[in-house]
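Let me begin by presenting the structure, written as structure tokens, before commenting on it.
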Amino acid sequence: MTEHTMADFDNTLDTDEGKLQEKCGIMGVFLTGENPDPKITASKMVYYGLYALQHRGQESAGIAVSDGQKIETHKAMGLVSDVFTAEKLEKLQGNIAIGHVLYSTSGAAQIENAQPFVTTFKLGGIAVAHNGALVNYEQLKEFLEETGSTFTSTSDTEVISKLIAKSYKKGLDRALTDTIQMIKGSFALTVMTENSLIGARDPNGIRPLCLGKLDNGWILASESCAIDSVGGTFVRDIQPGEIVIINNDGVLSFEFGERTAKRTCIFEYIYFARPDSVMDGIAVQEARLRMGAVLAQESPVPADVVIGVPDSGLGAAMGYAKASNIPYAMGIVKNKYIGRTFIAPTQAERERLVFVKLNALKNDVNGKRVVIIDDSIVRGTTCRRLIQILRRAGAKEVHFRVSSPPVKFPCYFGIDTPCRADLISSSCSTEEICKKIGADSLAFISPEGMLKALRDINEKTYGYCTGCFSGEYPVPVPGEINGLRN
């Protein structure tokens, strides 16, 4: 889900300023028959699932629920634990629920963009939660406005809701198919009516979505870790270009268009997904271990210790350490209690606050040659501060290794990427970046090595979106030529 704004960076500290940011996590639950525990409602299950998906978005959270007659919703700014109390969940009664957590750019963090979006019309109502981004948002919004629709947000999810509502008189199946064939870009959707739960994944499968089973129902979720969190059993991934409709008759599946090549976002494995998730047949932690091992083979260096940047650099660091026979150590401690609302009045202070979030374990690095592994370099700010932290703790040498290739191009499919001018790898060579961040050496995994790591785990799973490295996108982006807008 994308918010379409041109807001400037404000004075809040983004504690992952050096990272790419995923924008959303979605969850849906359909309970059938008698509930063995009336206290565990559909809304509470979604609540637990959103907790498991909190890493995918920390700006807002929301749940919509249907009791078979009407749809109720509650959403607000903040973490899942901030938005929902026991009393609020108690009011969300029904056997179907969908939920959403949002990451947005700082200027677009506003309640109008919080999800799910609920639309009520003559034939009933629908609720929609969306992970991804539409590249034809502006054209679709203009079309809807010309035919009488009004908008309360800058979210492309509202466009999806309006399109479904516009065709709903044709029947749910037709409305969904018509809508999904109109929208272009990346999307994983959960849609709820008064008596159905629907999931859909874009034809390229850029954003993830999976199906789980409960003793008395079904689950849709961005990641399998959310299914685990409510005691469900992972069934399978929703296939690219597939719609599933879940109701009291079971699960109906159909394709809404011609099958295209799968292009799952590669950063799900590098950074976004939780390490305990399994996505499109590949265990995320195993992917990170393999990428670290390949990185060690491609870019070895004499060293005394290998450490990882918490949290997503840890798997690759373990893989690098094992493949290189260099001892692995914790090395860096992360303060988990700093949020995006931590205020800093100037850019210089925001950069220095990396020292507040991360600190070195002196016993692990003092007097040693250190290899530090991170998942990516975006602007270069965070890794420069990390190297300063390690040198201040007595590291004799600091060799920076990255488990993704250089990020040179922006993403248009649901990741909060800086513009190309702010991506350090788009204008600097590896040697220049090494000098800017103050490392003794710097190396990235090769694109071929990254893909080999995934093939080594499951050769039957193939096809990834690597546009942020190559500038070649699975879906044409209007006005886009080699990562630059006309």
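Just remember, in the structure tokens the first chain shown is A, the second B, etc., residues are 1-based per chain, and ligands are 1-based in the order shown.
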Go through region 146-180 of chain A and flag each residue having an atom no more than 10 Å from region 234-256 of chain A; for those, report the closest pair of atoms plus their distance in Å to one decimal, using only C-alpha atoms, ordered by chain and rising number, as a tab-separated table.
```
residue	atom	partner	partner_atom	distance
A:Leu172	CA	A:Ile245	CA	9.5
A:Asp173	CA	A:Ile245	CA	8.6
A:Arg174	CA	A:Phe256	CA	9.6
A:Leu176	CA	A:Ile243	CA	8.5
A:Thr177	CA	A:Phe256	CA	5.7
A:Asp178	CA	A:Phe256	CA	8.7
A:Thr179	CA	A:Phe256	CA	10.0
A:Ile180	CA	A:Phe256	CA	7.5
```
Within region 12-232 of chain A, find each residue whose DSSP state, derived from the backbone, is strand (DSSP E or B), and express the selection as a ChimeraX atom specification. /A:12,21-22,24-31,60-66,71-77,96-102,117-121,124-134,155,185-192,197-201,210-214,217-221
Selection near region 117-130 of chain A, 6 Å with only C-alpha atoms, sequence-local residues under 2 positions removed, as a PDB file with N, CA, C and O atoms, in the first residue's frame:
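Output file part_18.pdb is given in full below:
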```
ATOM      1  N   MET A   1       0.856  -1.176   0.000  1.00  0.00           N
ATOM      2  CA  MET A   1       0.000   0.000   0.000  1.00  0.00           C
ATOM      3  C   MET A   1       0.890   1.222   0.000  1.00  0.00           C
ATOM      4  O   MET A   1       1.850   1.330   0.751  1.00  0.00           O
ATOM      5  N   GLN A 115      -5.473   1.494   7.352  1.00  0.00           N
ATOM      6  CA  GLN A 115      -6.321   0.456   6.772  1.00  0.00           C
ATOM      7  C   GLN A 115      -6.781  -0.511   7.875  1.00  0.00           C
ATOM      8  O   GLN A 115      -6.232  -0.495   8.961  1.00  0.00           O
ATOM      9  N   ALA A 188      -0.783  -7.629  -2.758  1.00  0.00           N
ATOM     10  CA  ALA A 188      -1.346  -8.764  -2.045  1.00  0.00           C
ATOM     11  C   ALA A 188      -2.546  -8.188  -1.310  1.00  0.00           C
ATOM     12  O   ALA A 188      -2.413  -7.207  -0.563  1.00  0.00           O
ATOM     13  N   LEU A 189      -3.711  -8.778  -1.525  1.00  0.00           N
ATOM     14  CA  LEU A 189      -4.961  -8.212  -1.011  1.00  0.00           C
ATOM     15  C   LEU A 189      -5.664  -9.186  -0.083  1.00  0.00           C
ATOM     16  O   LEU A 189      -5.683 -10.395  -0.335  1.00  0.00           O
ATOM     17  N   THR A 190      -6.244  -8.656   0.977  1.00  0.00           N
ATOM     18  CA  THR A 190      -7.322  -9.346   1.685  1.00  0.00           C
ATOM     19  C   THR A 190      -8.556  -8.460   1.568  1.00  0.00           C
ATOM     20  O   THR A 190      -8.497  -7.261   1.841  1.00  0.00           O
ATOM     21  N   VAL A 191      -9.642  -9.072   1.123  1.00  0.00           N
ATOM     22  CA  VAL A 191     -10.914  -8.374   0.953  1.00  0.00           C
ATOM     23  C   VAL A 191     -11.961  -9.136   1.750  1.00  0.00           C
ATOM     24  O   VAL A 191     -12.001 -10.372   1.720  1.00  0.00           O
ATOM     25  N   MET A 192     -12.812  -8.406   2.456  1.00  0.00           N
ATOM     26  CA  MET A 192     -13.855  -9.030   3.263  1.00  0.00           C
ATOM     27  C   MET A 192     -15.211  -8.460   2.902  1.00  0.00           C
ATOM     28  O   MET A 192     -15.376  -7.244   2.776  1.00  0.00           O
ATOM     29  N   THR A 193     -16.176  -9.350   2.712  1.00  0.00           N
ATOM     30  CA  THR A 193     -17.575  -8.943   2.612  1.00  0.00           C
ATOM     31  C   THR A 193     -18.274  -9.404   3.891  1.00  0.00           C
ATOM     32  O   THR A 193     -17.629  -9.897   4.817  1.00  0.00           O
TER      33      THR A 193
END
```
Which of region 196-299 of chain A DSSP labels helix (DSSP H, G or I), written as a list in words: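 Going through region 196-299 of chain A, the helix (DSSP H, G or I) residues come out as Ser224, Cys225, Ala226, Ile227, Asp228, Ser229, Phe267, Glu268, Tyr269, Ile270, Tyr271, Phe272, Val284, Gln285, Glu286, Ala287, Arg288, Leu289, Arg290, Met291, Gly292, Ala293, Val294, Leu295, Ala296, Gln297 and Glu298 of chain A.
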For region 134-146 of chain A, find every residue with an atom within 10 Å (counting only C-alpha atoms), except residues of its own chain fewer than 6 positions away, and show them as a list in words.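 Residues meeting the cut-off are Met1, Thr2, His4, Thr154, Ser155, Asp156, Thr157, Glu158, Val159, Ile160, Lys162, Leu163, Lys166, Met182, Ile183, Lys184, Gly185, Ser186, Phe187, Tyr412, Phe413, Gly414, Val475, Pro476, Val477 and Pro478 of chain A.
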Restricting the calculation to only C-alpha atoms: of A:Ser161, A:Ser196, A:Asn95, A:Ser446, which residue gets closest to Met291 (chain A)?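 Comparing A:Ser161, A:Ser196, A:Asn95, A:Ser446 against Met291 (chain A), the winner is A:Ser446.
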May I have the residues within 10 Å of region 386-392 of chain A as a ChimeraX atom specification, using only C-alpha atoms and disregarding those fewer than 6 positions away in the same chain? /A:309,331-332,354-355,358-362,364-367,370,372,398-400,437-440
Contacts of Asp82 (chain A) within 12 Å, only C-alpha atoms, excl. fewer than 5 positions in-chain, as a ChimeraX atom specification: /A:47,51,54,58-62,75-77,88
Nearest residue to Glu459 (chain A) from the set A:Val333, A:Ile424, A:Ala293, A:Ile282 (distances using only C-alpha atoms):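 Ranking A:Val333, A:Ile424, A:Ala293, A:Ile282 by distance to Glu459 (chain A), first place goes to A:Ile282.
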